[in-house]
file structure_8.cif (mmCIF, C-alpha atoms)
data_query
#
loop_
_atom_site.label_atom_id
_atom_site.label_comp_id
_atom_site.auth_asym_id
_atom_site.auth_seq_id
_atom_site.Cartn_x
_atom_site.Cartn_y
_atom_site.Cartn_z
CA MET A 1353 29.14 -1.02 -41.91
CA SER A 1354 29.86 -3.86 -39.48
CA THR A 1355 27.22 -5.25 -37.16
CA PHE A 1356 29.43 -4.28 -34.22
CA ARG A 1357 29.58 -0.62 -35.28
CA LEU A 1358 25.83 -0.58 -35.88
CA LEU A 1359 25.07 -1.98 -32.44
CA ALA A 1360 27.55 0.42 -30.84
CA ALA A 1361 25.88 3.40 -32.52
CA ILE A 1362 22.41 2.28 -31.51
CA SER A 1363 23.57 1.64 -27.92
CA ALA A 1364 25.17 5.07 -27.74
CA SER A 1365 21.99 6.69 -29.01
CA LEU A 1366 19.84 4.84 -26.49
CA TRP A 1367 22.26 5.66 -23.67
CA LEU A 1368 22.16 9.37 -24.54
CA VAL A 1369 18.35 9.40 -24.68
CA THR A 1370 18.11 7.60 -21.34
CA LEU A 1371 20.72 9.82 -19.70
CA THR A 1372 18.93 13.03 -20.64
CA GLY A 1373 15.41 11.92 -19.76
CA CYS A 1374 15.39 9.98 -16.49
CA ALA A 1375 13.35 11.33 -13.59
CA THR A 1376 10.69 10.35 -11.10
CA THR A 1377 7.33 12.06 -11.13
CA THR A 1378 6.22 11.38 -7.57
CA ALA A 1379 7.36 11.07 -4.00
CA GLY A 1380 7.14 7.54 -2.63
CA GLY A 1381 4.36 7.98 -0.09
CA ALA A 1382 3.81 5.27 2.50
CA VAL A 1383 3.59 2.57 -0.17
CA GLY A 1384 6.84 3.55 -1.90
CA ALA A 1385 6.40 4.52 -5.56
CA ASN A 1386 9.26 6.61 -6.88
CA ARG A 1387 10.79 4.47 -9.61
CA SER A 1388 12.99 6.35 -12.08
CA GLN A 1389 11.16 6.97 -15.35
CA LEU A 1390 12.19 7.93 -18.88
CA MET A 1391 10.59 11.29 -19.71
CA LEU A 1392 11.37 12.90 -23.07
CA ILE A 1393 8.24 15.02 -23.47
CA SER A 1394 7.07 17.76 -21.09
CA SER A 1395 4.06 17.39 -18.82
CA GLU A 1396 2.63 20.57 -20.32
CA GLN A 1397 2.65 19.16 -23.84
CA LEU A 1398 0.83 16.01 -22.83
CA GLU A 1399 -1.66 17.84 -20.60
CA GLN A 1400 -2.56 20.21 -23.45
CA SER A 1401 -3.15 17.26 -25.74
CA ALA A 1402 -5.19 15.49 -23.06
CA ALA A 1403 -7.34 18.56 -22.48
CA LEU A 1404 -8.16 18.75 -26.18
CA GLY A 1405 -9.06 15.08 -26.24
CA TYR A 1406 -11.17 15.43 -23.10
CA ASN A 1407 -13.11 18.35 -24.52
CA LYS A 1408 -13.76 16.43 -27.72
CA LEU A 1409 -15.03 13.46 -25.72
CA LYS A 1410 -17.38 15.68 -23.72
CA SER A 1411 -18.63 17.37 -26.87
CA GLU A 1412 -19.43 14.05 -28.51
CA ALA A 1413 -21.15 12.78 -25.35
CA THR A 1414 -23.19 15.97 -25.15
CA GLN A 1415 -24.32 15.61 -28.76
CA GLN A 1416 -25.43 12.06 -27.97
CA GLY A 1417 -27.25 13.20 -24.84
CA ALA A 1418 -25.01 10.98 -22.71
CA LEU A 1419 -23.06 13.51 -20.62
CA ASN A 1420 -24.00 13.75 -16.94
CA ARG A 1421 -27.58 12.57 -17.42
CA ASP A 1422 -27.81 11.25 -13.86
CA GLN A 1423 -27.12 14.31 -11.69
CA LYS A 1424 -27.40 12.33 -8.46
CA LEU A 1425 -24.72 9.91 -9.63
CA LEU A 1426 -22.57 12.80 -10.85
CA GLN A 1427 -22.76 14.55 -7.48
CA ARG A 1428 -21.86 11.30 -5.74
CA VAL A 1429 -18.74 10.75 -7.84
CA GLN A 1430 -17.69 14.40 -7.64
CA ALA A 1431 -17.97 14.31 -3.84
CA ILE A 1432 -15.60 11.34 -3.76
CA ALA A 1433 -13.18 13.16 -6.05
CA ARG A 1434 -13.19 16.23 -3.78
CA ARG A 1435 -11.98 14.05 -0.91
CA ILE A 1436 -9.28 12.32 -2.93
CA GLU A 1437 -7.84 15.29 -4.82
CA PRO A 1438 -6.18 16.98 -1.79
CA GLN A 1439 -4.44 13.71 -0.93
CA THR A 1440 -2.51 13.79 -4.20
CA ALA A 1441 -0.15 16.33 -2.63
CA VAL A 1442 1.46 13.46 -0.71
CA PHE A 1443 2.85 12.22 -4.01
CA ARG A 1444 3.25 15.51 -5.90
CA ARG A 1445 2.45 19.04 -4.75
CA ASP A 1446 1.79 20.39 -8.22
CA ALA A 1447 -1.26 18.12 -8.59
CA LEU A 1448 -3.12 20.53 -6.31
CA ASP A 1449 -2.93 23.07 -9.14
CA TRP A 1450 -4.34 20.74 -11.79
CA LYS A 1451 -7.64 21.80 -13.35
CA TRP A 1452 -9.51 18.82 -11.94
CA GLU A 1453 -12.74 17.85 -13.65
CA VAL A 1454 -15.11 14.91 -13.20
CA ASN A 1455 -17.80 13.84 -15.64
CA ILE A 1456 -19.99 10.78 -16.15
CA ILE A 1457 -20.88 9.34 -19.53
CA ASP A 1458 -24.08 7.35 -19.65
CA SER A 1459 -22.99 4.07 -21.20
CA ASN A 1460 -23.04 0.36 -20.47
CA GLU A 1461 -19.28 0.33 -20.94
CA LEU A 1462 -17.41 -0.78 -17.82
CA ASN A 1463 -14.70 1.83 -17.80
CA ALA A 1464 -13.16 4.82 -16.03
CA PHE A 1465 -9.99 6.84 -16.54
CA CYS A 1466 -8.08 9.93 -15.48
CA MET A 1467 -6.26 11.81 -18.23
CA PRO A 1468 -3.05 13.76 -17.59
CA GLY A 1469 -3.82 16.91 -15.64
CA GLY A 1470 -6.73 15.48 -13.65
CA LYS A 1471 -9.47 14.99 -16.28
CA ILE A 1472 -11.67 12.16 -14.94
CA VAL A 1473 -14.43 10.20 -16.64
CA PHE A 1474 -16.57 7.41 -15.22
CA TYR A 1475 -18.94 5.42 -17.36
CA SER A 1476 -22.26 4.81 -15.61
CA GLY A 1477 -22.20 1.11 -16.48
CA LEU A 1478 -19.15 0.53 -14.29
CA ILE A 1479 -20.92 1.86 -11.20
CA ASN A 1480 -24.43 0.61 -11.89
CA GLN A 1481 -23.75 -2.84 -13.30
CA LEU A 1482 -21.16 -3.71 -10.67
CA GLN A 1483 -23.20 -1.94 -7.96
CA LEU A 1484 -20.13 -0.16 -6.64
CA THR A 1485 -20.16 1.34 -3.16
CA ASP A 1486 -18.64 4.76 -2.51
CA GLU A 1487 -15.56 3.02 -1.13
CA GLU A 1488 -15.19 0.92 -4.27
CA ILE A 1489 -15.66 3.97 -6.49
CA ALA A 1490 -12.91 5.63 -4.45
CA VAL A 1491 -10.58 2.68 -5.10
CA VAL A 1492 -11.22 2.88 -8.86
CA MET A 1493 -10.76 6.65 -8.83
CA GLY A 1494 -7.58 6.44 -6.76
CA HIS A 1495 -6.17 3.86 -9.16
CA GLU A 1496 -6.94 5.98 -12.22
CA ILE A 1497 -5.63 9.19 -10.60
CA ALA A 1498 -2.45 7.30 -9.73
CA HIS A 1499 -1.82 6.67 -13.44
CA ALA A 1500 -2.00 10.45 -13.97
CA LEU A 1501 0.22 11.24 -10.96
CA ARG A 1502 2.88 8.81 -12.15
CA GLU A 1503 2.41 10.13 -15.72
CA HIS A 1504 2.36 6.65 -17.17
CA SER A 1505 1.03 7.97 -20.49
CA ARG A 1506 3.91 10.45 -20.70
CA GLU A 1507 6.33 7.64 -19.90
CA GLN A 1508 4.91 5.46 -22.67
CA VAL A 1509 5.13 8.28 -25.21
CA SER A 1510 8.74 8.84 -24.13
CA GLN A 1511 9.55 5.16 -24.56
CA ALA A 1512 8.13 5.33 -28.06
CA MET A 1513 10.25 8.42 -28.79
CA ALA A 1514 13.36 6.64 -27.54
CA ALA A 1515 12.59 3.65 -29.75
CA GLN A 1516 12.09 5.93 -32.74
CA ALA A 1517 15.43 7.62 -32.03
CA VAL A 1518 17.19 4.24 -32.08
CA LEU A 1519 15.34 3.24 -35.24
CA GLY A 1520 16.43 6.52 -36.79
CA VAL A 1521 20.07 5.77 -36.08
CA GLY A 1522 19.74 2.25 -37.41
CA SER A 1523 17.98 3.34 -40.60
CA ALA A 1524 20.57 6.05 -41.28
CA LEU A 1525 23.46 3.62 -40.86
CA LEU A 1526 21.82 0.94 -42.97
CA GLY A 1527 20.46 3.27 -45.62
CA VAL A 1528 16.82 2.52 -44.81
CA SER A 1529 14.38 5.16 -46.04
CA GLN A 1530 12.86 7.60 -43.55
CA GLY A 1531 9.40 6.40 -44.51
CA ALA A 1532 10.15 2.82 -43.51
CA ALA A 1533 11.68 3.96 -40.23
CA ALA A 1534 8.64 6.09 -39.49
CA LEU A 1535 6.32 3.16 -40.09
CA ALA A 1536 8.39 1.01 -37.76
CA GLY A 1537 8.24 3.71 -35.09
CA ILE A 1538 4.49 4.08 -35.40
CA GLY A 1539 4.03 0.34 -35.04
CA TYR A 1540 6.08 0.26 -31.86
CA GLU A 1541 4.39 3.33 -30.39
CA THR A 1542 0.97 1.80 -31.02
CA PHE A 1543 2.06 -1.42 -29.37
CA ILE A 1544 3.29 0.12 -26.12
CA ALA A 1545 0.85 3.00 -25.76
CA THR A 1546 -2.47 1.19 -25.97
CA ARG A 1547 -2.27 -0.48 -22.56
CA PHE A 1548 -0.52 0.24 -19.31
CA SER A 1549 2.23 -2.19 -18.37
CA ARG A 1550 2.13 -4.54 -15.40
CA THR A 1551 4.58 -2.23 -13.63
CA ASP A 1552 2.24 0.71 -14.25
CA GLU A 1553 -0.76 -1.23 -12.98
CA ALA A 1554 1.06 -2.34 -9.84
CA GLU A 1555 2.11 1.25 -9.10
CA ALA A 1556 -1.44 2.49 -9.67
CA ASP A 1557 -2.76 -0.15 -7.27
CA ARG A 1558 -0.29 0.91 -4.59
CA ILE A 1559 -0.73 4.66 -4.92
CA GLY A 1560 -4.46 4.40 -5.49
CA LEU A 1561 -5.02 2.40 -2.33
CA GLU A 1562 -3.07 4.96 -0.30
CA LEU A 1563 -5.08 7.83 -1.81
CA THR A 1564 -8.28 5.96 -0.94
CA ALA A 1565 -7.20 5.44 2.67
CA ARG A 1566 -5.97 9.00 3.17
CA ALA A 1567 -9.32 10.28 1.88
CA GLY A 1568 -11.10 8.33 4.63
CA TYR A 1569 -12.40 5.46 2.51
CA ASN A 1570 -11.86 1.94 3.78
CA PRO A 1571 -9.03 0.40 1.68
CA GLN A 1572 -10.52 -3.03 2.34
CA ALA A 1573 -12.87 -2.07 -0.50
CA GLY A 1574 -9.96 -2.74 -2.82
CA VAL A 1575 -10.44 -6.45 -2.15
CA THR A 1576 -14.20 -6.42 -2.70
CA LEU A 1577 -13.79 -4.31 -5.84
CA TRP A 1578 -11.33 -6.62 -7.54
CA LYS A 1579 -13.42 -9.66 -6.61
CA LYS A 1580 -16.29 -8.00 -8.45
CA MET A 1581 -13.89 -7.52 -11.35
CA ILE A 1582 -13.12 -11.24 -11.31
CA ASN A 1583 -16.83 -11.97 -11.53
CA ALA A 1584 -17.16 -9.48 -14.39
CA LYS A 1585 -14.29 -11.22 -16.13
CA SER A 1586 -16.08 -14.55 -15.88
CA GLY A 1587 -19.26 -12.99 -17.27
CA SER A 1588 -20.02 -11.53 -20.66
CA GLN A 1589 -18.29 -8.18 -20.15
CA LEU A 1590 -14.71 -7.51 -19.12
CA PRO A 1591 -14.01 -4.02 -17.75
CA GLU A 1592 -12.11 -2.10 -20.41
CA PHE A 1593 -9.36 -0.97 -18.07
CA LEU A 1594 -8.72 -4.60 -17.11
CA SER A 1595 -8.73 -6.05 -20.60
CA SER A 1596 -4.94 -6.33 -20.79
CA HIS A 1597 -4.28 -6.91 -17.08
CA PRO A 1598 -7.35 -8.72 -15.75
CA ALA A 1599 -7.90 -8.91 -12.02
CA ASP A 1600 -7.08 -12.30 -10.59
CA SER A 1601 -6.40 -13.90 -7.23
CA THR A 1602 -2.76 -12.78 -7.39
CA ARG A 1603 -3.76 -9.17 -7.70
CA VAL A 1604 -6.18 -9.49 -4.80
CA LYS A 1605 -3.38 -10.95 -2.69
CA GLN A 1606 -1.10 -8.05 -3.62
CA ILE A 1607 -3.74 -5.57 -2.52
CA GLU A 1608 -4.30 -7.51 0.71
CA SER A 1609 -0.56 -7.25 1.39
CA LEU A 1610 -0.85 -3.44 1.31
CA LEU A 1611 -3.64 -3.26 3.86
CA PRO A 1612 -1.34 -3.26 6.92
CA ILE A 1613 0.41 -0.20 5.43
CA VAL A 1614 -2.63 1.83 4.40
CA THR A 1615 -5.18 0.88 7.07
CA PRO A 1616 -3.53 3.09 9.72
CA LEU A 1617 -3.82 6.00 7.27
CA TYR A 1618 -7.54 5.28 6.91
CA GLN A 1619 -7.99 5.10 10.67
CA ALA A 1620 -6.15 8.39 11.11
CA ALA A 1621 -8.31 10.04 8.46
CA ARG A 1622 -11.48 8.80 10.14
CA ARG A 1623 -10.34 10.24 13.48
#
call {"tool": "encode", "arguments": {"input": "structure_8.cif", "output": "structure tokens"}}
result
Amino acid sequence: MSTFRLLAAISASLWLVTLTGCATTTAGGAVGANRSQLMLISSEQLEQSAALGYNKLKSEATQQGALNRDQKLLQRVQAIARRIEPQTAVFRRDALDWKWEVNIIDSNELNAFCMPGGKIVFYSGLINQLQLTDEEIAVVMGHEIAHALREHSREQVSQAMAAQAVLGVGSALLGVSQGAAALAGIGYETFIATRFSRTDEAEADRIGLELTARAGYNPQAGVTLWKKMINAKSGSQLPEFLSSHPADSTRVKQIESLLPIVTPLYQAARR
């Protein structure tokens, strides 16, 4: 088969996959975040998988005696979550029906995340070692919730599926074994799914800062937070969720550029 016919077949396959799976998961909000996304797997499928993973994580932390050891810290973080969760309706109404859950794992790890469907975990080291204020915790939480609202994990899985579909066409046309194609697909999926992209991170910054402001937390804390991240980067420990996209002066400037948009929302919430 000619190279031209091979490329044409692969292009047609990719075009069909893209055509049938493009959507946007959120409204734009004040900051504007409604980019079209490739979605080839349902939200329900990913949320079920996330729930299983979340329960396993909690079970392991419980066995280690590390789950919610500091009740005062847990109550503090849960109170912040209760203020942010209703604001998610600005970007997607169905988020109000998520089975939200917040837990803290006692660990020196500098990390936090929100799984699909609203499953939140903070590691105590992130709050204690960086001495985060409530406002800074809200910025982190808003950022992580934004990843879930925009379904960045679902988007990455879909991108991997699209790549595997193209690889499948190519292997069939070239006579490559299914096993080799599968290995190629797994390699690509691993590559794109381990870290969020720069586009994802920028969207999470934008949406997260708006969530923070609408919940009545000063969005200026976004600047102080990321400056702490810069200091953490220069020290011995780099926050896990910044390991591929470390905070730098450019990111701080981007957040500062959003303040004129989100500060009025904060002021309105405080009134």
call {"tool": "residues_near_point", "arguments": {"input": "structure_8.cif", "point": "(-4.8, -3.4, 2.4)", "cutoff": "10 Å", "atoms": "all atoms listed in the file", "output": "number ranges by chain"}}
result
A: 1558, 1561-1562, 1565, 1570-1575, 1604-1616
call {"tool": "residues_near_point", "arguments": {"input": "structure_8.cif", "point": "(-19.3, 0.7, -16.4)", "cutoff": "10 Å", "atoms": "all atoms listed in the file", "output": "list in words"}}
result
Ile1457, Asp1458, Ser1459, Asn1460, Glu1461, Leu1462, Asn1463, Ala1464, Phe1474, Tyr1475, Ser1476, Gly1477, Leu1478, Ile1479, Asn1480, Gln1481, Leu1482, Gln1483, Leu1484, Gln1589, Leu1590, Pro1591 and Glu1592 of chain A
call {"tool": "residues_around", "arguments": {"input": "structure_8.cif", "residues": "Arg1566 of chain A", "least_positions_apart": "3", "cutoff": "7 Å", "atoms": "all atoms listed in the file", "output": "ChimeraX atom specification"}}
result
/A:1439,1562-1563,1617-1618,1621
call {"tool": "write_last_selection", "arguments": {"input": "structure_8.cif", "atoms": "C-alpha atoms", "output": "PDB file, in the coordinates of the input"}}
result
ATOM      1  CA  GLN A1439      -4.440  13.710  -0.930  1.00  0.00           C
ATOM      2  CA  GLU A1562      -3.070   4.960  -0.300  1.00  0.00           C
ATOM      3  CA  LEU A1563      -5.080   7.830  -1.810  1.00  0.00           C
ATOM      4  CA  LEU A1617      -3.820   6.000   7.270  1.00  0.00           C
ATOM      5  CA  TYR A1618      -7.540   5.280   6.910  1.00  0.00           C
ATOM      6  CA  ALA A1621      -8.310  10.040   8.460  1.00  0.00           C
TER       7      ALA A1621
END
call {"tool": "resolve_selection", "arguments": {"input": "structure_8.cif", "expression": "the PyMOL selection byres ((chain A and resi 1414-1419) around 10)", "output": "list in words"}}
result
Lys1408, Leu1409, Lys1410, Ser1411, Glu1412, Ala1413, Asn1420, Arg1421, Asp1422, Gln1423, Leu1426, Asn1455, Ile1456, Ile1457, Asp1458, Ser1459, Tyr1475 and Ser1476 of chain A
call {"tool": "atom_distance", "arguments": {"input": "structure_8.cif", "atom1": "atom CA of Asp1552 of chain A", "atom2": "atom CA of Leu1501 of chain A"}}
result
11.2 Å
call {"tool": "closest_residue", "arguments": {"input": "structure_8.cif", "among": "A:Val1442, A:Val1454, A:Ala1556, A:Met1581", "to": "Val1473 of chain A", "atoms": "all atoms listed in the file"}}
result
A:Val1454
call {"tool": "residues_around", "arguments": {"input": "structure_8.cif", "residues": "Cys1466 of chain A", "least_positions_apart": "2", "cutoff": "7 Å", "atoms": "only C-alpha atoms", "output": "PyMOL selection string"}}
result
chain A and resi 1468+1470-1473+1496-1497+1500
call {"tool": "atom_distance", "arguments": {"input": "structure_8.cif", "atom1": "atom CA of Val1383 of chain A", "atom2": "atom CA of Val1429 of chain A"}}
result
25.0 Å
